[in-house]
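query39.txt, holding compact mmCIF, C-alpha atoms:
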# COMPACT_ATOMS: atom_id res chain seq x y z
CA MET L 1 15.61 -22.94 -46.51
CA ASP L 2 11.85 -22.37 -46.65
CA THR L 3 11.13 -19.29 -44.54
CA LYS L 4 7.38 -19.19 -45.28
CA MET L 5 5.36 -19.30 -42.06
CA THR L 6 2.75 -22.00 -41.62
CA PRO L 7 -0.82 -20.91 -40.68
CA PHE L 8 -0.26 -22.42 -37.22
CA ASN L 9 2.91 -20.39 -36.68
CA LYS L 10 1.06 -17.25 -37.76
CA VAL L 11 -1.69 -17.97 -35.19
CA VAL L 12 0.94 -18.46 -32.47
CA MET L 13 2.74 -15.26 -33.51
CA PHE L 14 -0.44 -13.13 -33.47
CA ALA L 15 -1.58 -14.77 -30.20
CA ALA L 16 1.73 -13.80 -28.64
CA LEU L 17 1.45 -10.27 -30.07
CA TRP L 18 -2.06 -9.88 -28.63
CA PHE L 19 -0.99 -11.30 -25.26
CA VAL L 20 1.97 -8.93 -25.01
CA THR L 21 -0.19 -5.92 -26.00
CA TYR L 22 -2.90 -6.94 -23.54
CA THR L 23 -0.39 -7.44 -20.70
CA ILE L 24 1.35 -4.12 -21.34
CA CYS L 25 -1.99 -2.26 -21.45
CA PHE L 26 -3.23 -4.08 -18.35
CA LEU L 27 -0.09 -3.34 -16.33
CA THR L 28 -0.05 0.30 -17.48
CA LEU L 29 -3.71 0.77 -16.50
CA LYS L 30 -3.24 -1.03 -13.19
CA LYS L 31 0.08 0.48 -12.05
CA LEU L 32 0.17 3.95 -13.60
CA SER L 33 -3.55 4.88 -13.39
CA PRO L 34 -3.53 7.14 -16.48
CA ASP L 35 -6.18 9.81 -17.20
CA THR L 36 -9.55 8.71 -18.63
CA VAL L 37 -8.80 9.38 -22.33
CA THR L 38 -5.42 7.61 -22.22
CA GLY L 39 -7.07 4.81 -20.24
CA ILE L 40 -9.78 4.32 -22.86
CA ILE L 41 -7.18 4.31 -25.66
CA LEU L 42 -5.09 1.74 -23.78
CA SER L 43 -8.21 -0.37 -23.13
CA LEU L 44 -9.05 -0.41 -26.84
CA LEU L 45 -5.49 -0.95 -28.09
CA PRO L 46 -5.56 -4.78 -27.66
CA VAL L 47 -8.63 -4.84 -29.94
CA ILE L 48 -6.32 -4.25 -32.93
CA THR L 49 -3.93 -7.10 -32.10
CA PHE L 50 -6.86 -9.33 -31.11
CA ALA L 51 -8.48 -8.68 -34.51
CA LEU L 52 -5.22 -9.73 -36.19
CA PHE L 53 -5.14 -12.85 -33.99
CA ILE L 54 -8.72 -13.79 -34.93
CA TYR L 55 -8.04 -13.09 -38.62
CA SER L 56 -5.02 -15.45 -38.50
CA ILE L 57 -7.25 -18.13 -36.90
CA ILE L 58 -9.87 -17.74 -39.65
CA LYS L 59 -7.16 -17.99 -42.33
CA GLY L 60 -5.70 -21.00 -40.52
CA VAL L 61 -9.06 -22.79 -40.39
CA ALA L 62 -9.53 -22.17 -44.12
CA SER L 63 -6.32 -24.12 -44.80
CA MET L 64 -7.49 -27.15 -42.77
CA ASP L 65 -9.12 -30.28 -44.14
CA GLU L 66 -12.64 -31.48 -43.29
CA VAL L 67 -11.79 -33.47 -40.17
CA GLN L 68 -9.50 -30.78 -38.78
CA ILE L 69 -12.30 -28.21 -39.26
CA ARG L 70 -14.72 -30.56 -37.47
CA VAL L 71 -12.25 -30.90 -34.57
CA GLN L 72 -12.01 -27.10 -34.28
CA MET L 73 -15.77 -26.67 -34.55
CA GLU L 74 -16.46 -29.19 -31.79
CA ALA L 75 -13.77 -27.59 -29.59
CA VAL L 76 -15.44 -24.18 -30.05
CA VAL L 77 -18.90 -25.63 -29.35
CA ILE L 78 -17.63 -27.19 -26.09
CA ALA L 79 -15.82 -23.96 -25.14
CA PHE L 80 -18.89 -21.84 -25.91
CA SER L 81 -21.14 -24.14 -23.85
CA LEU L 82 -18.77 -24.09 -20.88
CA ALA L 83 -18.37 -20.31 -21.11
CA LEU L 84 -22.14 -19.85 -21.26
CA LEU L 85 -22.54 -22.17 -18.28
CA MET L 86 -19.96 -20.19 -16.30
CA ILE L 87 -21.55 -16.81 -17.10
CA MET L 88 -25.03 -18.15 -16.36
CA THR L 89 -23.94 -19.65 -13.01
CA LEU L 90 -22.05 -16.50 -12.00
CA GLY L 91 -25.12 -14.44 -12.96
CA LEU L 92 -27.34 -16.53 -10.70
CA LEU L 93 -24.78 -16.59 -7.89
CA ASP L 94 -24.54 -12.81 -8.13
CA LEU L 95 -28.19 -12.62 -7.07
CA VAL L 96 -27.52 -14.49 -3.84
CA VAL L 97 -23.96 -13.65 -2.83
CA THR L 98 -21.85 -10.59 -3.57
CA LEU L 99 -19.06 -11.71 -5.88
CA ASN L 100 -15.76 -9.99 -5.21
CA LYS L 101 -14.87 -7.83 -8.25
CA GLU L 102 -11.18 -8.47 -7.55
CA ASP L 103 -11.77 -12.20 -8.11
CA TRP L 104 -14.66 -12.28 -10.58
CA GLY L 105 -14.31 -9.10 -12.62
CA TYR L 106 -14.56 -9.22 -16.44
CA ARG L 107 -10.80 -9.51 -16.92
CA HIS L 108 -10.64 -12.50 -14.57
CA LEU L 109 -13.00 -14.42 -16.84
CA VAL L 110 -10.78 -14.08 -19.95
CA PRO L 111 -8.38 -16.96 -19.10
CA TYR L 112 -11.35 -19.29 -18.55
CA PHE L 113 -12.44 -18.88 -22.18
CA PHE L 114 -9.02 -20.04 -23.36
CA ILE L 115 -8.99 -22.90 -20.86
CA PHE L 116 -12.45 -23.99 -22.07
CA TYR L 117 -11.24 -23.92 -25.69
CA PHE L 118 -8.29 -26.16 -24.87
CA VAL L 119 -10.54 -28.52 -22.88
CA GLY L 120 -12.80 -28.71 -25.94
CA LEU L 121 -9.82 -29.24 -28.22
CA ILE L 122 -8.51 -32.13 -26.09
CA ILE L 123 -11.95 -33.79 -26.08
CA SER L 124 -12.54 -33.43 -29.83
CA LYS L 125 -8.95 -34.43 -30.72
CA ARG L 126 -9.37 -37.62 -28.70
CA LYS L 127 -12.60 -38.34 -30.56
CA TYR L 128 -10.88 -38.13 -33.95
CA ALA L 129 -7.51 -39.50 -32.83
CA ILE L 130 -5.67 -41.92 -35.11
CA ASP L 131 -6.29 -45.52 -34.15
CA ASN L 132 -2.84 -47.05 -34.68
CA GLU L 133 -3.80 -50.46 -33.31
CA LYS L 134 -6.34 -51.26 -35.98
CA HIS L 135 -4.92 -49.37 -38.95
CA ASP L 136 -1.45 -48.69 -40.26
CA MET W 1 -22.23 -45.68 -43.64
CA LYS W 2 -19.68 -48.41 -44.23
CA ASN W 3 -16.70 -48.19 -46.54
CA THR W 4 -14.09 -50.35 -48.24
CA ILE W 5 -11.21 -47.91 -47.98
CA LYS W 6 -9.01 -50.36 -46.12
CA VAL W 7 -9.60 -53.03 -48.76
CA GLU W 8 -8.94 -50.58 -51.59
CA ARG W 9 -5.75 -49.43 -49.87
CA ALA W 10 -4.61 -53.00 -49.45
CA LYS W 11 -5.16 -53.65 -53.19
CA LYS W 12 -2.88 -50.72 -54.00
CA ASN W 13 -0.53 -51.48 -51.10
CA TRP W 14 -0.94 -47.93 -49.78
CA THR W 15 -0.68 -46.77 -46.19
CA GLN W 16 -3.11 -44.23 -44.79
CA GLU W 17 -0.37 -41.64 -45.16
CA ASP W 18 0.02 -42.50 -48.88
CA LEU W 19 -3.71 -42.08 -49.46
CA ALA W 20 -3.77 -38.85 -47.43
CA VAL W 21 -1.04 -37.35 -49.61
CA LYS W 22 -2.80 -38.41 -52.82
CA ILE W 23 -6.12 -36.79 -51.89
CA GLY W 24 -4.59 -33.79 -50.10
CA VAL W 25 -5.78 -34.32 -46.54
CA SER W 26 -4.18 -35.28 -43.22
CA ARG W 27 -3.68 -38.88 -42.12
CA GLN W 28 -6.05 -38.10 -39.26
CA SER W 29 -8.79 -37.46 -41.84
CA VAL W 30 -8.16 -40.70 -43.70
CA ASN W 31 -8.19 -42.61 -40.43
CA SER W 32 -11.41 -40.94 -39.24
CA ILE W 33 -13.16 -41.69 -42.54
CA GLU W 34 -11.86 -45.25 -42.73
CA THR W 35 -12.99 -46.05 -39.17
CA GLY W 36 -16.40 -44.48 -39.79
CA LYS W 37 -15.96 -41.62 -37.32
CA PHE W 38 -16.41 -39.05 -40.07
CA VAL W 39 -18.47 -38.99 -43.25
CA PRO W 40 -16.53 -37.23 -46.02
CA SER W 41 -17.88 -34.54 -48.32
CA THR W 42 -18.89 -35.41 -51.89
CA LEU W 43 -15.69 -33.79 -53.13
CA LEU W 44 -13.47 -35.93 -50.92
CA ALA W 45 -15.45 -39.09 -51.73
CA LEU W 46 -15.03 -38.38 -55.45
CA LYS W 47 -11.29 -37.77 -54.98
CA MET W 48 -10.98 -41.13 -53.21
CA ALA W 49 -12.91 -42.87 -55.97
CA MET W 50 -10.61 -41.23 -58.52
CA VAL W 51 -7.34 -42.32 -56.88
CA PHE W 52 -8.68 -45.84 -56.30
CA GLU W 53 -9.90 -45.92 -59.94
CA SER W 54 -13.27 -47.01 -58.64
CA SER W 55 -16.74 -45.56 -58.08
CA VAL W 56 -18.02 -43.78 -54.98
CA GLU W 57 -20.72 -46.45 -54.59
CA THR W 58 -18.05 -49.17 -54.48
CA ILE W 59 -16.15 -47.41 -51.72
CA PHE W 60 -19.08 -46.12 -49.67
CA GLN W 61 -22.27 -48.04 -49.01
CA LEU W 62 -25.34 -47.03 -47.03
CA GLU W 63 -26.35 -49.18 -44.09
CA ASP W 64 -29.88 -49.90 -42.87
CA THR W 65 -29.42 -47.42 -40.04
CA ASP W 66 -28.52 -44.55 -42.44

Kindly transcribe the structure held in the file into structure tokens.
Amino acid sequence: MDTKMTPFNKVVMFAALWFVTYTICFLTLKKLSPDTVTGIILSLLPVITFALFIYSIIKGVASMDEVQIRVQMEAVVIAFSLALLMIMTLGLLDLVVTLNKEDWGYRHLVPYFFIFYFVGLIISKRKYAIDNEKHD
Amino acid sequence: MKNTIKVERAKKNWTQEDLAVKIGVSRQSVNSIETGKFVPSTLLALKMAMVFESSVETIFQLEDTD
């Protein structure tokens, strides 16, 4: 049996590793309120697993063909635009209304970036989807 | 840019999947190129010409709008 991991599986594995590290650090910081030095170390710990996650994505993209790279690029462009739009709007709103830090703190924005990427991916995948009706 | 990939495939009796395997890309790529959604790189165009035993100019032609 071939036990070699595909680039996609590696991305999923490192994404899971980063998510687990991030969640553990987040819960520890939130529930246990450690001292400042330990807190800073715990805050920076997910950087290591996130770097591994990003490295696996870069390696994965390198193994894709031209159209698959284009799909990823367009997904990232859409995600970046939406993220920029969100930050810009929140920045302007912050001048008029006081945004609750418990709802709109930095960590609350993280999931939106992933959501925006998947929105972009759905849009670009549809654009380059296989047309089965016209071609075999 | 228009292309004659479908015609060339028909001559060889190849499916998109067959062509994709021969030039080392996904079927999605072959489909996108064939339907004109994506313009391939020179390398991929040359690979296609090679497997079809044809020239790049035969497979890909410029249109007035290009």

**OP:** When you get a sec, could you note down which chain W residues fall within 7 Å of chain L, using only C-alpha atoms, as a PyMOL selection string?
**Re:** chain W and resi 15-16+25+28-29+31-32

**OP:** Could you give me, as a VMD selection string, the residues within 10 Å of Ile54 (chain L), counting only C-alpha atoms and dropping anything in the same chain fewer than 4 positions from it?
**Re:** chain L and resid 11 14 to 15 18 49 to 50 58 to 60

Using C-alpha atoms, can you write the selected residues to a file as a compact mmCIF listing (two decimals), in the frame of the given file?
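As written to disk, out.txt reads:
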# COMPACT_ATOMS: atom_id res chain seq x y z
CA VAL L 11 -1.69 -17.97 -35.19
CA PHE L 14 -0.44 -13.13 -33.47
CA ALA L 15 -1.58 -14.77 -30.20
CA TRP L 18 -2.06 -9.88 -28.63
CA THR L 49 -3.93 -7.10 -32.10
CA PHE L 50 -6.86 -9.33 -31.11
CA ILE L 58 -9.87 -17.74 -39.65
CA LYS L 59 -7.16 -17.99 -42.33
CA GLY L 60 -5.70 -21.00 -40.52

**OP:** Using all atoms listed in the file, give me every residue within 12 Å of (-17.5, -25.1, -29.2) in file coordinates, as number ranges by chain.
**Re:** L: 69-84, 113-114, 116-124

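Distance check against Asp66 (chain W) using all atoms listed in the file: of W:Lys6, W:Val39, W:Val51, W:Arg27, the minimum falls on W:Val39.
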
**OP:** State, in Å with one decimal place, the distance from CA of Val56 (chain W) to CA of Arg126 (chain L).
**Re:** 28.3 Å

Original post:
Expressed in Å to a single decimal, how great is the separation between CA of Pro46 (chain L) and CA of Cys25 (chain L)?
Top reply: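 A separation of 7.6 Å between them.
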
Original post:
In Å to one decimal, how far is CA of Ser54 (chain W) from CA of Val21 (chain W)?
Top reply: 18.0 Å

Subject >> Spatial neighbours of region 63-65 of chain W, 12 Å, only C-alpha atoms, chain gap at least 5 places, as a list in words >> reply: Met1, Lys2, Asn3 and Gly36 of chain W

**OP:** Around the point (-13.4, -48.1, -48.5) in the file's coordinates, collect all residues with an atom within 8 Å, using all atoms listed in the file, and return them as a list of chain:residue names.
**Re:** W:Lys2, W:Asn3, W:Thr4, W:Ile5, W:Lys6, W:Val7, W:Glu8, W:Arg9, W:Glu34, W:Thr58, W:Ile59, W:Phe60

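For the choices W:Ala10, W:Ile23, W:Gln61, W:Glu17, the atom-to-atom distance to Leu46 (chain W) is smallest for W:Ile23 when using only C-alpha atoms.
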
Using only the atoms of region 23-39 of chain W listed in the file, plus 6 Å on each side, state the axis-aligned box centre and edge lengths in Å rounded to one decimal, as AutoDock Vina command-line options.
--center_x -11.1 --center_y -39.9 --center_z -44.6 --size_x 26.8 --size_y 24.3 --size_z 26.6

For Leu44 (chain L): contacts at 12 Å, all atoms listed in the file, fewer than 6 positions along chain excluded, given as a PDB file with C-alpha atoms, in the coordinates of the input:
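selection-v7.pdb, written as the output of this step:
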ATOM      1  CA  TRP L  18      -2.060  -9.880 -28.630  1.00  0.00           C
ATOM      2  CA  THR L  21      -0.190  -5.920 -26.000  1.00  0.00           C
ATOM      3  CA  TYR L  22      -2.900  -6.940 -23.540  1.00  0.00           C
ATOM      4  CA  CYS L  25      -1.990  -2.260 -21.450  1.00  0.00           C
ATOM      5  CA  PHE L  26      -3.230  -4.080 -18.350  1.00  0.00           C
ATOM      6  CA  LEU L  29      -3.710   0.770 -16.500  1.00  0.00           C
ATOM      7  CA  VAL L  37      -8.800   9.380 -22.330  1.00  0.00           C
ATOM      8  CA  THR L  38      -5.420   7.610 -22.220  1.00  0.00           C
ATOM      9  CA  PHE L  50      -6.860  -9.330 -31.110  1.00  0.00           C
ATOM     10  CA  ALA L  51      -8.480  -8.680 -34.510  1.00  0.00           C
TER      11      ALA L  51
END
